[in-house]
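Chemist: Sharing work00.tsv, TSV, C-alpha atoms:
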chain	number	residue	atom	x	y	z
D	1	MET	CA	46.09	-16.95	41.44
D	2	ASN	CA	44.75	-20.47	41.62
D	3	HIS	CA	47.64	-22.94	41.43
D	4	GLY	CA	45.44	-25.96	41.85
D	5	ASN	CA	43.66	-27.48	44.81
D	6	ASN	CA	45.95	-29.89	46.62
D	7	ASN	CA	43.05	-31.30	48.64
D	8	SER	CA	40.61	-31.96	45.79
D	9	TYR	CA	38.94	-35.36	45.86
D	10	ARG	CA	36.38	-36.92	43.54
D	11	GLY	CA	35.42	-40.51	44.24
D	12	ASN	CA	38.29	-40.76	46.73
D	13	ARG	CA	40.78	-39.91	43.92
D	14	ARG	CA	43.28	-37.13	44.61
D	15	LEU	CA	43.77	-34.84	41.57
D	16	SER	CA	47.13	-33.51	42.71
D	17	TYR	CA	49.87	-34.13	45.21
D	18	ASP	CA	52.80	-32.17	46.59
D	19	ILE	CA	56.34	-32.73	45.35
D	20	ASN	CA	57.99	-30.27	47.76
D	21	SER	CA	57.18	-27.10	49.62
D	22	ASP	CA	57.51	-24.84	46.57
D	23	GLU	CA	53.97	-23.73	45.75
D	24	HIS	CA	54.70	-24.02	42.01
D	25	SER	CA	56.14	-27.52	42.28
D	26	TYR	CA	53.34	-29.99	42.54
D	27	ARG	CA	52.30	-32.71	40.18
D	28	LEU	CA	48.77	-33.01	38.88
D	29	LEU	CA	47.58	-36.45	37.92
D	30	GLY	CA	47.14	-37.45	34.28
D	31	PHE	CA	43.72	-37.40	32.64
D	32	ASN	CA	43.73	-41.19	32.42
D	33	ASP	CA	44.38	-41.42	36.17
D	34	VAL	CA	41.07	-39.86	37.22
D	35	LEU	CA	37.42	-40.62	36.65
D	36	PRO	CA	35.76	-39.09	33.54
D	37	SER	CA	33.65	-36.92	35.83
D	38	GLN	CA	36.83	-35.41	37.32
D	39	ARG	CA	38.55	-34.55	34.07
D	40	GLN	CA	37.07	-31.13	33.50
D	41	GLU	CA	38.14	-29.98	36.96
D	42	LEU	CA	41.60	-31.43	36.34
D	43	PHE	CA	41.70	-29.71	32.96
D	44	LEU	CA	40.97	-26.34	34.59
D	45	GLN	CA	43.60	-26.97	37.26
D	46	LYS	CA	46.22	-27.58	34.59
D	47	VAL	CA	45.10	-24.50	32.70
D	48	ALA	CA	45.42	-22.50	35.94
D	49	PHE	CA	48.94	-23.77	36.54
D	50	CYS	CA	49.91	-22.82	33.00
D	51	LYS	CA	49.02	-19.20	33.76
D	52	ILE	CA	52.20	-19.04	35.83
D	53	ILE	CA	55.01	-17.34	33.89
D	54	ILE	CA	58.18	-19.18	34.80
D	55	PRO	CA	61.51	-17.42	34.10
D	56	PHE	CA	63.94	-19.47	32.04
D	57	GLY	CA	67.08	-17.79	33.31
D	58	ASP	CA	66.82	-19.26	36.81
D	59	ARG	CA	67.90	-22.89	37.28
D	60	SER	CA	65.94	-23.11	40.50
D	61	ASN	CA	62.75	-23.14	38.39
D	62	SER	CA	63.71	-26.26	36.44
D	63	GLU	CA	61.11	-28.45	38.13
D	64	SER	CA	58.32	-25.91	37.59
D	65	LYS	CA	59.34	-25.48	33.96
D	66	PHE	CA	59.22	-29.24	33.50
D	67	HIS	CA	55.73	-29.46	34.99
D	68	LYS	CA	54.39	-26.61	32.87
D	69	THR	CA	55.81	-28.18	29.73
D	70	ALA	CA	54.20	-31.50	30.64
D	71	TYR	CA	50.81	-29.90	31.38
D	72	LEU	CA	50.80	-27.91	28.17
D	73	GLU	CA	51.57	-31.04	26.18
D	74	GLU	CA	48.73	-32.85	27.95
D	75	LEU	CA	46.36	-29.95	27.29
D	76	CYS	CA	47.29	-29.94	23.60
D	77	ASN	CA	46.36	-33.60	23.33
D	78	TYR	CA	43.29	-33.45	25.55
D	79	ILE	CA	41.64	-30.44	23.86
D	80	THR	CA	41.08	-32.51	20.70
D	81	ALA	CA	38.97	-35.08	22.55
D	82	SER	CA	35.22	-35.04	22.04
D	83	GLY	CA	33.14	-33.19	24.60
D	84	VAL	CA	36.04	-31.30	26.19
D	85	ILE	CA	35.14	-27.82	24.91
D	86	THR	CA	32.22	-26.65	27.02
D	87	GLU	CA	31.02	-23.17	27.88
D	88	SER	CA	32.66	-23.29	31.31
D	89	ILE	CA	36.24	-23.48	30.00
D	90	TYR	CA	36.32	-20.48	27.63
D	91	SER	CA	37.15	-17.84	30.23
D	92	ASP	CA	40.03	-19.76	31.82
D	93	VAL	CA	41.45	-20.91	28.49
D	94	PHE	CA	41.58	-17.45	26.94
D	95	SER	CA	42.94	-16.03	30.18
D	96	MET	CA	45.79	-18.53	30.10
D	97	ILE	CA	46.53	-17.79	26.44
D	98	ARG	CA	46.46	-14.04	27.01
D	99	ILE	CA	48.81	-14.18	30.02
D	100	ASN	CA	51.35	-16.23	28.09
D	101	ILE	CA	51.52	-14.73	24.61
D	102	PHE	CA	50.86	-11.03	25.24
D	103	ARG	CA	54.14	-9.70	26.51
D	104	PRO	CA	56.81	-7.21	25.38
D	105	LEU	CA	58.71	-8.71	22.48
D	106	PRO	CA	62.46	-9.21	22.96
D	107	VAL	CA	64.31	-6.04	21.94
D	108	ARG	CA	67.86	-5.44	20.87
D	109	HIS	CA	70.06	-3.27	23.04
D	110	ALA	CA	70.85	0.29	22.03
D	111	GLY	CA	73.79	0.36	19.67
D	112	GLU	CA	73.16	-3.09	18.23
D	113	ILE	CA	72.96	-3.34	14.45
D	114	GLU	CA	69.40	-3.34	13.18
D	115	TYR	CA	68.03	-6.83	12.57
D	116	ASP	CA	68.36	-8.08	8.98
D	117	ALA	CA	66.18	-11.13	8.37
D	118	THR	CA	68.38	-12.25	5.47
D	119	GLU	CA	71.63	-12.27	7.47
D	120	ASP	CA	71.05	-12.18	11.22
D	121	ALA	CA	69.79	-14.78	13.66
D	122	PRO	CA	66.42	-13.74	15.11
D	123	LEU	CA	66.09	-12.61	18.70
D	124	CYS	CA	63.95	-15.37	20.21
D	125	ASP	CA	62.03	-15.37	23.46
D	126	PRO	CA	63.80	-17.61	25.99
D	127	ARG	CA	60.36	-18.95	26.98
D	128	TRP	CA	59.69	-20.30	23.48
D	129	GLU	CA	59.52	-23.87	24.82
D	130	HIS	CA	56.31	-22.88	26.63
D	131	LEU	CA	55.10	-20.31	24.12
D	132	GLU	CA	55.14	-22.82	21.29
D	133	LEU	CA	52.96	-25.22	23.26
D	134	VAL	CA	50.55	-22.42	24.16
D	135	TYR	CA	50.26	-21.54	20.46
D	136	GLN	CA	49.71	-25.21	19.60
D	137	PHE	CA	46.97	-25.41	22.20
D	138	PHE	CA	45.42	-22.14	20.95
D	139	LEU	CA	45.37	-23.40	17.37
D	140	ARG	CA	43.80	-26.73	18.28
D	141	PHE	CA	41.24	-24.96	20.43
D	142	VAL	CA	39.95	-22.55	17.76
D	143	ASP	CA	40.34	-25.17	15.02
D	144	SER	CA	38.15	-27.68	16.83
D	145	PRO	CA	34.71	-28.36	15.31
D	146	GLU	CA	33.38	-28.02	18.86
D	147	PHE	CA	34.66	-24.45	19.20
D	148	ASN	CA	31.70	-22.07	19.39
D	149	ALA	CA	32.40	-18.58	18.03
D	150	ASP	CA	29.35	-17.13	19.78
D	151	LEU	CA	30.70	-18.30	23.13
D	152	GLY	CA	34.24	-17.34	22.23
D	153	LYS	CA	33.59	-13.73	21.22
D	154	GLY	CA	33.06	-12.70	24.82
D	155	HIS	CA	36.67	-13.65	25.54
D	156	LEU	CA	38.34	-13.51	22.12
D	157	THR	CA	37.61	-9.80	21.77
D	158	LEU	CA	38.69	-7.35	19.08
D	159	GLU	CA	41.29	-6.03	21.50
D	160	PHE	CA	42.61	-9.58	21.86
D	161	VAL	CA	42.85	-9.94	18.06
D	162	GLU	CA	44.56	-6.57	17.65
D	163	GLN	CA	47.16	-7.56	20.23
D	164	MET	CA	47.79	-10.72	18.22
D	165	LEU	CA	48.45	-8.60	15.12
D	166	VAL	CA	50.95	-6.52	17.10
D	167	LEU	CA	52.92	-9.71	17.78
D	168	PHE	CA	53.64	-10.08	14.05
D	169	ASP	CA	56.63	-7.81	14.66
D	170	SER	CA	58.35	-10.72	16.43
D	171	GLU	CA	61.73	-11.60	14.93
D	172	ASP	CA	60.93	-15.28	15.46
D	173	SER	CA	59.40	-16.68	12.27
D	174	ARG	CA	58.02	-19.65	14.23
D	175	GLU	CA	55.84	-17.34	16.28
D	176	ARG	CA	54.67	-15.47	13.19
D	177	ASP	CA	53.72	-18.78	11.54
D	178	TYR	CA	51.47	-19.70	14.45
D	179	LEU	CA	49.91	-16.23	14.54
D	180	LYS	CA	49.25	-16.38	10.81
D	181	THR	CA	47.51	-19.74	11.00
D	182	ILE	CA	45.46	-18.92	14.10
D	183	LEU	CA	44.33	-15.55	12.75
D	184	HIS	CA	43.24	-17.22	9.53
D	185	ARG	CA	40.97	-19.51	11.57
D	186	ILE	CA	39.65	-16.55	13.57
D	187	TYR	CA	38.96	-14.58	10.37
D	188	ALA	CA	36.96	-17.50	9.02
D	189	LYS	CA	34.90	-18.07	12.17
D	190	PHE	CA	34.32	-14.50	13.41
D	191	VAL	CA	32.59	-12.74	10.51
D	192	LEU	CA	32.11	-9.48	12.43
D	193	TYR	CA	35.87	-9.27	13.04
D	194	ARG	CA	36.84	-9.37	9.36
D	195	ALA	CA	36.70	-5.66	8.58
D	196	PRO	CA	38.47	-4.67	11.83
D	197	ILE	CA	41.21	-7.22	11.13
D	198	ARG	CA	41.75	-5.79	7.65
D	199	ASN	CA	41.76	-2.27	9.07
D	200	LYS	CA	44.37	-3.17	11.68
D	201	MET	CA	46.51	-4.80	9.00
D	202	ALA	CA	46.16	-1.64	6.88
D	203	HIS	CA	47.32	0.42	9.86
D	204	ILE	CA	50.40	-1.77	10.29
D	205	PHE	CA	51.23	-1.51	6.59
D	206	CYS	CA	50.79	2.28	6.58
D	207	THR	CA	52.95	2.68	9.67
D	208	TYR	CA	55.65	0.66	7.94
D	209	ILE	CA	55.39	2.56	4.63
D	210	TYR	CA	55.15	6.11	5.92
D	211	GLU	CA	56.80	6.05	9.34
D	212	THR	CA	59.10	3.25	10.46
D	213	GLN	CA	60.19	1.49	7.24
D	214	ARG	CA	60.80	-1.57	9.39
D	215	HIS	CA	58.60	-4.45	10.49
D	216	ASN	CA	59.45	-8.12	10.82
D	217	GLY	CA	56.09	-9.51	9.76
D	218	ILE	CA	55.14	-7.77	6.50
D	219	ALA	CA	55.63	-10.94	4.44
D	220	ASP	CA	53.56	-13.00	6.89
D	221	LEU	CA	50.77	-10.43	7.01
D	222	LEU	CA	50.69	-10.37	3.21
D	223	GLU	CA	50.51	-14.15	3.16
D	224	LEU	CA	47.54	-13.99	5.53
D	225	LEU	CA	46.03	-11.25	3.40
D	226	GLY	CA	46.34	-13.45	0.33
D	227	SER	CA	44.07	-16.06	1.88
D	228	ILE	CA	41.63	-13.26	2.76
D	229	ILE	CA	41.61	-11.82	-0.78
D	230	GLN	CA	40.80	-15.24	-2.20
D	231	GLY	CA	37.49	-15.08	-0.37
D	232	PHE	CA	36.45	-11.66	-1.76
D	233	MET	CA	33.23	-11.90	-3.73
D	234	LEU	CA	32.71	-10.32	-7.16
D	235	PRO	CA	32.26	-7.57	-7.99
D	236	LEU	CA	34.89	-6.23	-5.63
D	237	LYS	CA	33.60	-3.77	-3.07
D	238	GLN	CA	35.03	-0.27	-3.15
D	239	PRO	CA	36.78	-0.65	0.25
D	240	HIS	CA	38.65	-3.66	-1.17
D	241	ILE	CA	39.70	-1.69	-4.26
D	242	ASP	CA	40.81	1.18	-2.03
D	243	PHE	CA	42.88	-1.27	0.02
D	244	ALA	CA	44.70	-2.41	-3.12
D	245	GLN	CA	45.33	1.15	-4.28
D	246	ARG	CA	46.21	2.86	-1.00
D	247	ILE	CA	47.90	0.03	0.89
D	248	LEU	CA	49.27	-2.70	-1.39
D	249	VAL	CA	50.65	-0.66	-4.29
D	250	PRO	CA	52.61	1.73	-2.01
D	251	LEU	CA	54.32	-1.31	-0.50
D	252	PHE	CA	56.49	-1.38	-3.64
D	253	LYS	CA	58.32	1.56	-2.06
D	254	GLY	CA	59.16	-0.29	1.15
D	255	ARG	CA	62.79	-0.42	2.21
D	256	THR	CA	62.59	-4.15	2.93
D	257	PHE	CA	60.68	-4.89	-0.30
D	258	PRO	CA	62.97	-7.86	-1.17
D	259	GLU	CA	61.78	-9.65	1.98
D	260	TYR	CA	58.12	-9.61	0.93
D	261	CYS	CA	58.28	-9.25	-2.86
D	262	ASP	CA	56.73	-12.65	-3.62
D	263	GLN	CA	53.90	-12.29	-1.11
D	264	LEU	CA	53.04	-8.78	-2.34
D	265	LEU	CA	53.00	-9.89	-5.96
D	266	TYR	CA	50.75	-12.83	-5.03
D	267	CYS	CA	48.23	-10.50	-3.36
D	268	ILE	CA	48.27	-8.08	-6.27
D	269	CYS	CA	47.77	-10.86	-8.82
D	270	LEU	CA	44.78	-12.12	-6.80
D	271	PHE	CA	43.26	-8.64	-6.98
D	272	LEU	CA	43.99	-8.35	-10.70
D	273	ARG	CA	42.40	-11.69	-11.51
D	274	LYS	CA	39.25	-10.49	-9.79
D	275	GLU	CA	39.40	-7.00	-11.32
D	276	PRO	CA	41.79	-6.73	-14.32
D	277	ARG	CA	41.02	-3.01	-14.71
D	278	LEU	CA	43.23	-2.39	-11.67
D	279	LEU	CA	46.33	-3.32	-13.70
D	280	ASN	CA	46.96	0.21	-14.98
D	281	MET	CA	46.86	1.43	-11.37
D	282	VAL	CA	49.44	-1.19	-10.40
D	283	THR	CA	51.64	-0.29	-13.36
D	284	ARG	CA	51.58	3.40	-12.41
D	285	GLY	CA	52.53	2.41	-8.89
D	286	LEU	CA	55.50	0.43	-10.20
D	287	VAL	CA	56.67	3.41	-12.25
D	288	ARG	CA	56.44	5.75	-9.25
D	289	ALA	CA	58.32	3.32	-7.00
D	290	TRP	CA	60.93	2.26	-9.57
D	291	PRO	CA	64.34	2.05	-7.84
D	292	LYS	CA	66.64	4.26	-9.87
D	293	HIS	CA	69.64	3.93	-7.57
D	294	ASP	CA	69.29	0.38	-6.21
D	295	SER	CA	70.42	-2.29	-8.65
D	296	ASP	CA	69.40	-5.24	-6.48
D	297	LYS	CA	65.89	-3.90	-6.02
D	298	CYS	CA	65.70	-3.08	-9.71
D	299	LEU	CA	66.28	-6.77	-10.48
D	300	LEU	CA	63.26	-7.62	-8.36
D	301	PHE	CA	61.14	-5.01	-10.10
D	302	ILE	CA	62.05	-6.53	-13.47
D	303	LYS	CA	60.99	-9.90	-12.07
D	304	VAL	CA	57.66	-8.37	-11.00
D	305	VAL	CA	57.12	-6.96	-14.49
D	306	GLY	CA	57.92	-10.35	-16.01
D	307	ASP	CA	55.56	-12.18	-13.66
D	308	LEU	CA	52.75	-9.73	-14.46
D	309	ILE	CA	53.35	-10.11	-18.20
D	310	SER	CA	53.00	-13.88	-17.75
D	311	VAL	CA	49.51	-13.30	-16.36
D	312	PHE	CA	48.52	-10.34	-18.56
D	313	PRO	CA	50.51	-10.83	-21.80
D	314	ASP	CA	48.64	-8.25	-23.88
D	315	ASN	CA	49.01	-5.31	-21.47
D	316	LEU	CA	51.13	-2.72	-23.26
D	317	SER	CA	51.84	-0.74	-20.10
D	318	LEU	CA	53.85	-3.68	-18.82
D	319	TRP	CA	55.70	-4.02	-22.12
D	320	ARG	CA	56.55	-0.32	-21.99
D	321	LEU	CA	58.05	-0.90	-18.55
D	322	LEU	CA	60.10	-3.80	-19.88
D	323	SER	CA	61.24	-1.63	-22.77
D	324	ARG	CA	62.27	0.99	-20.24
D	325	CYS	CA	64.43	-1.62	-18.51
D	326	LEU	CA	66.27	-2.13	-21.80
D	327	SER	CA	67.00	1.56	-22.31
D	328	ASP	CA	67.05	3.04	-18.79
D	329	PRO	CA	70.02	5.43	-18.45
D	330	HIS	CA	70.72	3.75	-15.10
D	331	ILE	CA	71.85	0.63	-16.99
D	332	MET	CA	73.47	2.46	-19.91
D	333	VAL	CA	76.18	4.27	-17.91
D	334	PRO	CA	79.11	2.12	-16.74
D	335	PRO	CA	79.25	2.56	-12.95
D	336	LEU	CA	81.56	1.05	-10.40
D	337	LEU	CA	79.24	-1.92	-9.85
D	338	SER	CA	79.10	-2.81	-13.52
D	339	SER	CA	78.44	-6.49	-12.77
D	340	LEU	CA	75.12	-5.63	-11.11
D	341	ILE	CA	74.17	-3.30	-13.95
D	342	PHE	CA	74.93	-6.09	-16.40
D	343	GLN	CA	72.58	-8.36	-14.43
D	344	ILE	CA	69.76	-5.80	-14.81
D	345	ALA	CA	70.11	-5.54	-18.58
D	346	ASP	CA	70.68	-9.27	-18.92
D	347	LYS	CA	67.53	-10.02	-16.90
D	348	ALA	CA	65.41	-7.76	-19.09
D	349	LEU	CA	66.86	-9.25	-22.28
D	350	ALA	CA	66.30	-12.78	-20.98
D	351	LEU	CA	62.60	-12.03	-20.56
D	352	LEU	CA	62.35	-11.27	-24.28
D	353	GLU	CA	63.54	-14.79	-25.05
D	354	GLN	CA	61.18	-16.21	-22.44
D	355	PHE	CA	58.23	-14.36	-23.98
D	356	GLN	CA	58.89	-15.24	-27.65
D	357	ASP	CA	55.45	-16.81	-28.06
D	358	ILE	CA	53.72	-13.78	-26.57
D	359	ILE	CA	55.65	-11.43	-28.86
D	360	ARG	CA	54.65	-13.53	-31.88
D	361	THR	CA	51.02	-13.38	-30.76
D	362	TYR	CA	50.96	-9.57	-30.48
D	363	PRO	CA	53.79	-8.45	-32.83
D	364	GLU	CA	52.23	-5.24	-34.10
D	365	ASP	CA	51.80	-3.91	-30.57
D	366	ILE	CA	54.93	-5.22	-28.83
D	367	CYS	CA	57.70	-5.06	-31.42
D	368	PRO	CA	57.57	-1.27	-31.91
D	369	LEU	CA	58.19	-0.93	-28.15
D	370	LEU	CA	61.19	-3.25	-28.10
D	371	ILE	CA	63.02	-2.42	-31.32
D	372	PRO	CA	64.30	1.11	-30.50
D	373	PRO	CA	66.06	0.17	-27.24
D	374	LEU	CA	67.48	-3.00	-28.79
D	375	LEU	CA	68.90	-1.00	-31.70
D	376	SER	CA	70.40	1.47	-29.25
D	377	ASN	CA	71.91	-1.36	-27.22
D	378	ARG	CA	73.98	-2.51	-30.17
D	379	HIS	CA	76.35	0.29	-29.12
D	380	HIS	CA	76.16	-0.52	-25.41
D	381	TRP	CA	79.35	-0.01	-23.39
D	382	ASN	CA	79.13	-3.67	-22.31
D	383	SER	CA	79.97	-5.94	-25.23
D	384	ASP	CA	77.91	-8.81	-23.81
D	385	ILE	CA	74.80	-6.63	-23.66
D	386	ALA	CA	75.47	-5.47	-27.20
D	387	GLN	CA	75.74	-9.06	-28.46
D	388	ILE	CA	72.62	-10.25	-26.62
D	389	SER	CA	70.66	-7.26	-27.96
D	390	GLN	CA	71.74	-8.16	-31.46
D	391	LYS	CA	70.51	-11.72	-30.91
D	392	ARG	CA	67.14	-10.46	-29.68
D	393	LEU	CA	66.84	-8.30	-32.78
D	394	ALA	CA	67.56	-11.37	-34.87
D	395	MET	CA	64.83	-13.21	-32.96
D	396	LEU	CA	62.36	-10.45	-33.80
D	397	SER	CA	63.47	-10.55	-37.41
D	398	GLU	CA	62.08	-14.07	-37.67
D	399	ILE	CA	58.61	-12.59	-37.35
D	400	ASP	CA	56.79	-11.78	-40.61
D	401	LEU	CA	58.31	-8.40	-41.49
D	402	ASP	CA	55.38	-7.42	-43.69
D	403	GLN	CA	53.20	-7.23	-40.57
D	404	ILE	CA	55.53	-4.77	-38.81
D	405	PRO	CA	56.55	-1.71	-40.84
D	406	VAL	CA	58.84	-0.42	-38.08
D	407	LEU	CA	60.81	-3.67	-37.98
D	408	ARG	CA	60.98	-3.85	-41.80
D	409	GLN	CA	62.30	-0.29	-42.01
D	410	ASN	CA	64.96	-0.94	-39.34
D	411	ASP	CA	65.94	-4.21	-41.01
D	412	LYS	CA	66.65	-2.39	-44.28
D	413	THR	CA	68.86	0.14	-42.57
D	414	THR	CA	70.99	-2.40	-40.72
Take the structure from the file and write it as structure tokens.

Modeler:
Amino acid sequence: MNHGNNNSYRGNRRLSYDINSDEHSYRLLGFNDVLPSQRQELFLQKVAFCKIIIPFGDRSNSESKFHKTAYLEELCNYITASGVITESIYSDVFSMIRINIFRPLPVRHAGEIEYDATEDAPLCDPRWEHLELVYQFFLRFVDSPEFNADLGKGHLTLEFVEQMLVLFDSEDSRERDYLKTILHRIYAKFVLYRAPIRNKMAHIFCTYIYETQRHNGIADLLELLGSIIQGFMLPLKQPHIDFAQRILVPLFKGRTFPEYCDQLLYCICLFLRKEPRLLNMVTRGLVRAWPKHDSDKCLLFIKVVGDLISVFPDNLSLWRLLSRCLSDPHIMVPPLLSSLIFQIADKALALLEQFQDIIRTYPEDICPLLIPPLLSNRHHWNSDIAQISQKRLAMLSEIDLDQIPVLRQNDKTT
């Protein structure tokens, strides 16, 4: 591998000089210390040095690590200068990026407790000091207005992009943030890569849903997908509709759903705004995935229903789901974790107060769905739930009774 040319001269200016006998320990001059005509050669020498993977567990490499850090910082600054990105640098630049970022991700030892993003510290690569700078350089390179996608596609291949998507399983959120941003730029600039990128993302999601039930980057991939969905033209193409139905909706079943709930809901709402007819499909998916034995997850599902009602207030399928939350046997039987069950019922009842204006706008459709479970809840085993249900019934009673025969009949019998 080329570690730089210690005897390079341009205009009697040396581009590098030895520090000691270690072949990795030599100092290249700064870009301001050479003639403009020498800078591209110096740039490539620094890129070549940065291809060296320097272990961080060995103190004897401290000088080499220092030099690589310095060169990467210089490259990050220099790549933004005008006229730097020419056809001759693409091969070396992508080679350097590939050598640095494509590596086996850190793994936990057998017997260690499975990583929980909400509780555990992530397992970070000890070389992150260098990796972060490589990612910064990569981002500035592809983000530059001088970056030419036609020249880049010979080096930034589909295989390269697919390997980037594999890295989303990193436990380090900093790495996933860089990957997310860089892939967004690639998706925008490489039109022919868009369908393959979506297909690879679909494969990752399916593997998570149907095989592993674990992946560290589902939320980040969904966030990236959200920016992709925003660009879908109307009317939606059938492959996009199929993606929503076969990939996104089944994600409600995921074991780590709480970690990506917000991002999934954002993607689904983007789809629904473009094609509202998909809402019934989403509602059916929620019903199929409803967590009957997981109170914490049930709270999130109620939140999802509430968020969807905020966007689609007249959809009766969603109101039926909310009504189900009020009368679900899972929340009517006093279990050991009664405090969590109380939270579920309380959350559903709170949404009724939040949606008073919507209920008043569509009383004939919504009230008949809500009244039966509220009447039943007056005899709830939890006195607080019984009292809140009575208050919600009183709230509904403020609506013109003549418009709602069911409410008028129940009011006379109470």

Chemist: In terms of the shortest atom-to-atom distance over all atoms listed in the file, which of D:Leu236, D:Val34, D:Leu133, D:Met201 is closest to D:Glu175?

Modeler: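 Answer, going by the shortest atom-to-atom distance: D:Leu133.
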
Chemist: Give the answer as one residue: which of D:Tyr266, D:Trp381, D:Phe355, D:Tyr210 has the shortest atom-to-atom distance to D:Gly226, using only C-alpha atoms?

Modeler: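 Using only C-alpha atoms, the shortest distance to D:Gly226 belongs to D:Tyr266.
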
Chemist: With distances taken over all atoms listed in the file, which of D:His379, D:His215, D:His155, D:Lys391 is nearest to D:Leu352?

Modeler: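 Going through D:His379, D:His215, D:His155, D:Lys391 one by one, the smallest distance to D:Leu352 is for D:Lys391.
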
Chemist: Please report the interatomic distance between atom CA of D:Ala48 and atom CA of D:Asp92 in Å with one decimal.

Modeler: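 Value for the atom CA of D:Ala48-atom CA of D:Asp92 distance: 7.3 Å.
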
Chemist: What's the 12 Å shell around D:Tyr208, counting all atoms listed in the file, without same-chain residues fewer than 3 positions away, as JSON, numbers by chain?

Modeler: {"D": [169, 201, 202, 203, 204, 205, 211, 212, 213, 214, 215, 216, 217, 218, 247, 248, 250, 251, 252, 253, 254, 255, 256, 257]}

Chemist: What would the list of residues within 12 Å of (39.4, -18.0, 12.3) (file frame) look like as a ChimeraX atom specification, if all atoms listed in the file are what count?

Modeler: /D:138-145,147-149,152-153,156,161,179-194,197,224,227-228

Chemist: When you look at stretch 171-173 of chain D with a cut-off of 10 Å (counting all atoms listed in the file), what residues show up, excluding the ones that are within fewer than 3 positions of it in the same chain? I need them as a ChimeraX atom specification.

Modeler: /D:105-107,115-117,121-125,128,167-168,176-179,215-217,220
